[in-house]
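Take a look at the structure below.
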Amino acid sequence: MNTTQQTARVGLFFLLGVALVWVTFETLSDGKIFEEHTKTLIAGFGDLKQLKTGDEVRLAGVKVGSVAKTRLAGRRAEALLQIDPKVPIASDASASIVMSGLIGGNYISIDMGSSGAPPLPDGAEIRTVETPDLNTLMSEIGGLGKQLQDSLGSFSKALNGDGKAGGGIIQKLDKLVTDNSSRVDATMSNLQEITGKINRGEGTLGKLVNDPKLHDELLATVAEIRSTATQAKEFVSNAEAMMDQVKSGQGPLGTLVYDQKAADDIKASIANIRSVSDKLAKGEGTLGKLINDPGLYNNAQVTIKKVDRALDGLSDSGPITAVGIVANALF
Amino acid sequence: MKQLYAILEGVGSVVQLLVRSLSYWATIPRQRARFIEQCYMIGYTTLPIVAILSFFIGTVLALEAGYAMSDFGAKEFIGSLVGLSMARELGPMMTAVLLAGRVGSAITAELASMKVYQEIDALTTMNIPAAKILVLPRLAAVLVMMPVLIIIANIVGWFGGSVVARYVSYVGISPEAYFAALRHYTKFKDVMNGMEKAEVFGFVVVLVCCDIGLNTRGGPREIGAAVTRAVVVSLILILVLDYFVTKILL
């Protein structure tokens, strides 16, 4: 191989290497040789958990920056977030530390905030929200497990007793059943007898169960009761409607109950009636005398008798007489 | 005590050779032909074996990761594991090991032969320093070629992992998911980290192999012993340096 060929191959090899380095660089770093100018925000937390430098910052799940530095600041831990300056972070947006997977890895999640809020300037502090991490959750689950264990222990103790006098529920039930076994047997025997009678169709319940006629009658009775109930419901409904009308002052009854003028009229009428009845009782006026004076009654009786006789005579003299009487009366 | 003395002598000799070589740094442009020849030897001819080894390292990594991670449902992270492992550790280290085995042994054999057959002495007699024409071009070539070898090793290794991730039944994740995880967790900074590490490894391997070759004494039998010693020392140095360089770079 001559020197020229060797040189060409080495040159080609070197250029290939440079090209591959460039491709790798473009692929892995998105073509950023130097750090771009970024906006820095400060996020303060009580505990940064496993957050570390280089972890992602995501706005609504989209990567917008990274954690540049973590540091202690007094009684809290701070993470400096480098954010793409083209992405506005609302001043009321809040940041939280979120686990990206069970095997570790965290990122800062920022929510969108409200649409009208002004963007945070460079160096501003973003609001933060503390979120429980896996350790906290496991600790709480452990606490729950202990509570569950205690509850089950108490339940078990209540069932089985704690060895002291009296025992648990199971022992008490056992004692109760043992002490009353004869009564329980008798009760069971009675129950057996009752169910046997029912099965044979004896007694009301047995007939009800076994006799289809009684069953049909019962059904008919129930239907009648239902019909009656429907009617009663309609009646009540009508009564309610009527009461509504009365309450609203409609109709005579409503007017009577709720119309003040009508009430005054009635009151006046009653007063008049009372006055008339008083006069009647005292024998004042024509009617009073008629009621109270027996002489007037006797005179009236005599007069009626006379009229009666006159009418009898009139019927005997015929229609001509009657015409004559009428004509006399007219002329 | 004797061995400790031998180690100290070796360290001193390497440092002297480094200083002597660097003192001729300005002569590199005039040694263009030698530089190109060494680039060809160190880079171009080493590429096939580096590519094959890296491909299978990537596949084995994906296989092992898939087997272990499928137990707890983390197969999606295979790409990130292969990507980071190849870029930060296995790519540079295995390439340096191959360099020690293939190039380092050849350098030691060549220089030891020249020493045994008194060619080095002849050069010295003619006032041509061996550090200038035999060591410096190799050091310059390894510095230029190592990044190229590393980036090829990384890419081939990543591709090998994706093949396993796609076609091995119990792994079974798509290349898109594999490369998405790889891109998500592997940064260019990690690749650069690996390259820096590989530069250190390659430089030390070539320097040590040159020194052992130039210090060979005796007959032809000593040439084989020098090659063996050069490879063993290079491998030990790679692993020892790996710890310290990684600690510095992290």
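Quick note on naming: the chains in the structure tokens go A, B, ... in the order shown, residues restart at 1 in each chain, and ligands are numbered from 1 in order of appearance.
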
- Message: Within 6 Å of chain A, which residues belong to chain B? Use only C-alpha atoms and report them as a PyMOL selection string.
- Response: chain B and resi 36+40+148+183+187-188

- Task: Extract, using only C-alpha atoms, all DNA, RNA and protein residues at most 6 Å from range 139-147 of chain B, discarding same-chain residues fewer than 5 positions from it, and format them as JSON, numbers by chain.
- Result: {"B": [35, 38, 39, 43, 195, 199]}

- Rounded to one decimal in Å, what is the spacing between CA of Ala79 in chain A and CA of Val129 in chain A? 13.3 Å

- Can you pull out every residue within 10 Å of Ile49 in chain B, counting only C-alpha atoms, but drop anything in the same chain fewer than 5 positions away, and send it as an MDAnalysis selection string? chainID B and resid 54:55 95 98:99 102 153

- Would you kindly return, as a list in words, each protein, DNA or RNA residue with an atom no farther than 12 Å from any atom of Val233 in chain B, considering only C-alpha atoms and excluding same-chain residues fewer than 6 positions away? Ile7, Gly10, Val11, Val97, Ala100, Gly101, Gly104, Ser105, Thr108, Val204, Val205, Val206, Leu207, Val208, Cys209, Asp211, Ile212, Ala226, Val227, Leu239, Val240 and Leu241 of chain B
